[in-house]
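Notes follow once the structure below has been shown.
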Amino acid sequence: MSCHSRFLIKHRSKNIKFFFFSILSGILLGLGWPTYGNPLYLFIAFIPILYAEEHFYSSDSEKKIVLIFFLSFFTFFTWNAISTWWLFYAKRPDGSFSTEAYLTPVTINAFLMSIVFSFYSWIKKHVENRNIGYLFLVCIWISFEKMHLEWEFSWPWLNLGNGFSNHIKWIQWYEYTGILGGTLWIWIVNIGFMNSIIKYQKNKNILSLYKNIFFNIGKIFFLILISNYIYLKCEEKKDVTGTVNVLILQPNINPYHQKYKISTKKLISILIKLIDKKIDKNTTFIIAPETLFPGNGKKIYLKNIGKNNIISIFRNHIKKISPKTVFITGIELFNSSKKKEFSQTSTPIFFRNEILWIDIFNSIIQIETYSDDQIEFHHKSKLVPAVETFPYKKIFFPILGNIFLNFGGSVMEHGKDPHYTIFTHPFLGIKIAPIICYESVFGEYVSQFFKKNAEFMTLITNDGWWGVSQGYKQHLSYACLRAIENRKFIARSANTGVSCFINEKGEIISSIPYGKKGVLSRKIFLNKKKTFYIKYGDYIFKISFFLSIIILLYTITYRLCIKKYILHS
C-alpha cells in the first residue's frame with residue numbers, strides 16, 4: 001500500500017470519528033431535554049462538536065468551513081429529532097400523520113443552528129484568537145435565539161434556557177435573566193470544559209486538568225445553590241395584593257375526532273355541567289380552554305359579539321349563581337369587510353354575489369354578568385408558523401401554495417392582535433394577563449402584560465394535537481418558566497391536559513391529568529410586583545448583539561490590516 005493510500009485511509013477514519021462526535025453531541029442534547037431528560041447533560045453536550053470544530057479549525061483543509069457546517073448539522077438535526085419527535089403526531093386534514101410537520105421544522109431549525117455555528121468558526125479562524133471566537137459563539141447564539149422569538153419562522157422551542165424547565169429549583173434566578181440566562185450558563189460551562197481539554201493537550205498536566213474540571217463543575221453547582229437560596233426566600237404571601245377563587249375547566253374534547261364535530265349545543269351543556277360542579281358565590285373567575293367554541297357551528301362574528309347566543313347563555317347562567325363571577329374562554333372569531341385593504345391576513349370569499357374579506361382569530365374573551373354587550377377580547381398574537389400563519393407569505397406563497405397551512409388542518413391564515421390587551425374584573429378591578437397557547441413560550445412577550453400591572457396570568461391551550469407524548473409535557477413545563485420570570489400565579493386551562501395551577505416559584509400545585517375531564521378550584525394569590533426581568537426584559541440579548549457587532553467589525557478590520565501588511569511586504 002502506498003503512502004498516499006495510507007494517508008487517505010487515516011484521513012477518512014478521522015473524519016468518521018468526528019462524524020460520530022457530532023452525533024454524540026446531538027444525543028447528549030436530546031438526553032438533556034425536558035421532560036424525560038437530565039439537564040446535567042446540557043453542560044457537556046457541546047464538547048464533542050466543539051472538539052471536532054477545533055480539529056478542523058487547526059487543520060489546513062480548504063473545505064473546513066463546509067465540513068464544520070455538515071458536522072454541526074448532524075448535531076443539531078439529531079437534537080431536534082430527539083427532542084421534538086412528538087411533532088410527528090400532527091395530522092393532515094385527511095387524518096393521516098403529517099411527516100412533513102415533523103421533518104420540516106427539524107430540518108430548518110438544524111440548518112439555521114448550523115449556520116450560526118459555522119459563522120462562529122469562520123470568525124475564530126480569521127481573528128486567530130480562540131477566546132474571541134468563543135465569546136462570539138456565545139453572543140451570536142443568544143442573538144439567534146432572540147431572533148427565533150421574533151421573526152415569522154419563529155420556533156423557539158429548543159432555545160437552550162428552556163432545557164431547565166423541569167428543574168425549577170435550579171433556575172429561580174430567571175426572574176433576573178429570563179431563559180437567555182440559562183443559555184449563557186450552558187455555553188459558559190461547555191466552553192470552560194473545552195478549554196480544559198485544549199490546555200491539557202498542550203501541557204499534559206493532569207493536576208491542572210482536574211483543577212479546571214472541578215472549577216467548571218463549580219460553575220454549575222454555584223448557581224444551583226443560589227437558586228435554591230432564592231427558592232427558600234421566595235414567599236408566596238410577601239407581595240400579595242389580594243386573593244381570588246378560580247375555577248378551571250378541562251372538557252377533554254379530542255381535537256381531531258370531536259372538536260369540529262361536536263354541536264355547539266352539546267358543548268354548552270358539557271361546560272355548564274362542569275361549572276355547576278364547583279361554582280359558588282365566592283368564585284371570581286371561571287376559565288375554559290383555547291378555541292373551545294363554537295364547535296361545529298359557524299365561527300362567531302366579532303361585531304355585536306356581546307349579543308351572541310352562546311355568550312348570553314353563559315352570562316345568564318352564571319348570573320343566577322354568582323353575579324360577580326366572570327367567565328374567560330377560548331373562542332374562534334371572525335371579522336369581515338368589503339375592502340381588500342382590511343388587513344394583511346384577510347382572505348377573500350364569495351358571499352351573496354360579492355367578495356368579502358374575512359379575518360379569522362384564535363381569541364380569548366371575558367364574559368361579564370353586569371353588562372349585556374360588554375365583552376373584552378384578545379386575539380392570539382404569537383401564531384404557530386405553518387399552522388396559523390404563513391411565514392413571509394408574499395415570498396413563499398407563489399412557490400409553495402397552501403402547503404404550510406395544511407399542517408394544522410386549516411387553509412386560512414389567522415389574524416393577530418398587535419396590542420397587549422389586559423382583562424379587568426368589572427367589580428374588583430383585578431387585572432389579568434390573557435395568554436393563548438403558543439404565546440406562553442415567549443418570555444419577554446408575556447412580561448409586557450405584567451408591565452401593565454396584570455396580577456396573575458390565565459393560560460388557555462389545547463395540547464391534544466400530539467397525543468400522549470412529550471409535546472404537552474414540554475409545553476406545560478415551559479409555562480413554569482413564565483411563573484418564575486414574572487413571579488406570578490398561573491391558572492392554566494387545557495382542553496386535553498394538563499390543566500393546573502402554577503405558583504410564583506414555578507411549582508405545579510394542583511392539576512387534572514392528561515385525558516381526563518374535570519374541574520379544578522383553588523384560591524390563588526395576586527401581586528403587582530415587577531421583577532427585574534419584567535422591567536428590563538431580554539437585556540442579555542442586547543448586550544450579546546452589541547458584542548457580536550463589535551467582534552464582527554473587529555474581525556473585518558483585522559483581516560484588512562493583515563492583507564494590507566502582506567501586500568506591503
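Each chain in the C-alpha cells gets a letter, A, B, ..., in the order shown, and its residues are numbered from 1; ligands are numbered from 1 in order too.
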* Asked: Do you know which residues are at most 7 Å from segment 443-448 of chain A counting only C-alpha atoms, after dropping those on the same chain fewer than 4 positions away, and could you put them as a ChimeraX atom specification?
  -> /A:178,452,482,486,534,537-538
* Asked: How would you write, as JSON, numbers by chain, the set of residues in segment 4-78 of chain A that DSSP gives as alpha helix (DSSP H)?
  -> {"A": [4, 5, 6, 7, 8, 9, 10, 11, 12, 13, 14, 15, 16, 17, 18, 19, 20, 21, 22, 23, 24, 25, 26, 27, 28, 29, 30, 31, 47, 48, 49, 50, 51, 52, 53, 54, 55, 56, 57, 58, 64, 65, 66, 67, 68, 69, 70, 71, 72, 73, 74, 75, 76, 77, 78]}
* To do: For segment 422-432 of chain A, work out the shell of residues within 7 Å, counting only C-alpha atoms and skipping chain neighbours fewer than 4 positions away, then give it as number ranges by chain.
  => A: 324, 376, 449, 453-458
Quick one: contact table of segment 219-300 of chain A to segment 516-533 of chain A, 12 Å max, nearest atom pair and distance in Å to one decimal per residue, counting only C-alpha atoms, chain and number order, as CSV?
residue,atom,partner,partner_atom,distance
A:Glu235,CA,A:Phe525,CA,11.0
A:Glu236,CA,A:Phe525,CA,7.3
A:Lys237,CA,A:Phe525,CA,7.2
A:Lys238,CA,A:Asn527,CA,9.0
A:Asp239,CA,A:Asn527,CA,5.8
A:Val240,CA,A:Asn527,CA,4.8
A:Thr241,CA,A:Asn527,CA,5.0
A:Gly242,CA,A:Leu526,CA,5.3
A:Thr243,CA,A:Phe525,CA,4.6
A:Val244,CA,A:Lys523,CA,5.5
A:Asn245,CA,A:Lys523,CA,4.3
A:Val246,CA,A:Arg522,CA,5.6
A:Leu247,CA,A:Ser521,CA,4.6
A:Ile248,CA,A:Leu520,CA,5.0
A:Leu249,CA,A:Val519,CA,4.7
A:Gln250,CA,A:Gly518,CA,5.3
A:Pro251,CA,A:Lys517,CA,5.1
A:Asn252,CA,A:Lys517,CA,5.0
A:Ile253,CA,A:Lys517,CA,8.4
A:Asn254,CA,A:Lys516,CA,11.0
A:Ile270,CA,A:Lys517,CA,9.9
A:Leu271,CA,A:Val519,CA,9.8
A:Ile272,CA,A:Val519,CA,11.2
A:Lys273,CA,A:Val519,CA,9.9
A:Leu274,CA,A:Val519,CA,6.2
A:Ile275,CA,A:Val519,CA,7.5
A:Asp276,CA,A:Val519,CA,9.7
A:Lys277,CA,A:Val519,CA,7.6
A:Lys278,CA,A:Ser521,CA,7.1
A:Ile279,CA,A:Ser521,CA,8.6
A:Asp280,CA,A:Ser521,CA,10.5
A:Asn282,CA,A:Lys523,CA,9.8
A:Thr283,CA,A:Ser521,CA,8.7
A:Thr284,CA,A:Lys523,CA,9.5
A:Phe285,CA,A:Ser521,CA,9.9
A:Ile286,CA,A:Ser521,CA,9.2
A:Ile287,CA,A:Val519,CA,9.8
A:Ala288,CA,A:Val519,CA,9.7
A:Pro289,CA,A:Val519,CA,11.7
* **DSSP-assigned strand (DSSP E or B) among segment 401-569 of chain A, expressed as a PyMOL selection string** => chain A and resi 414+423-424+431-436+456-461+490-494+499-502+508-512+518-527
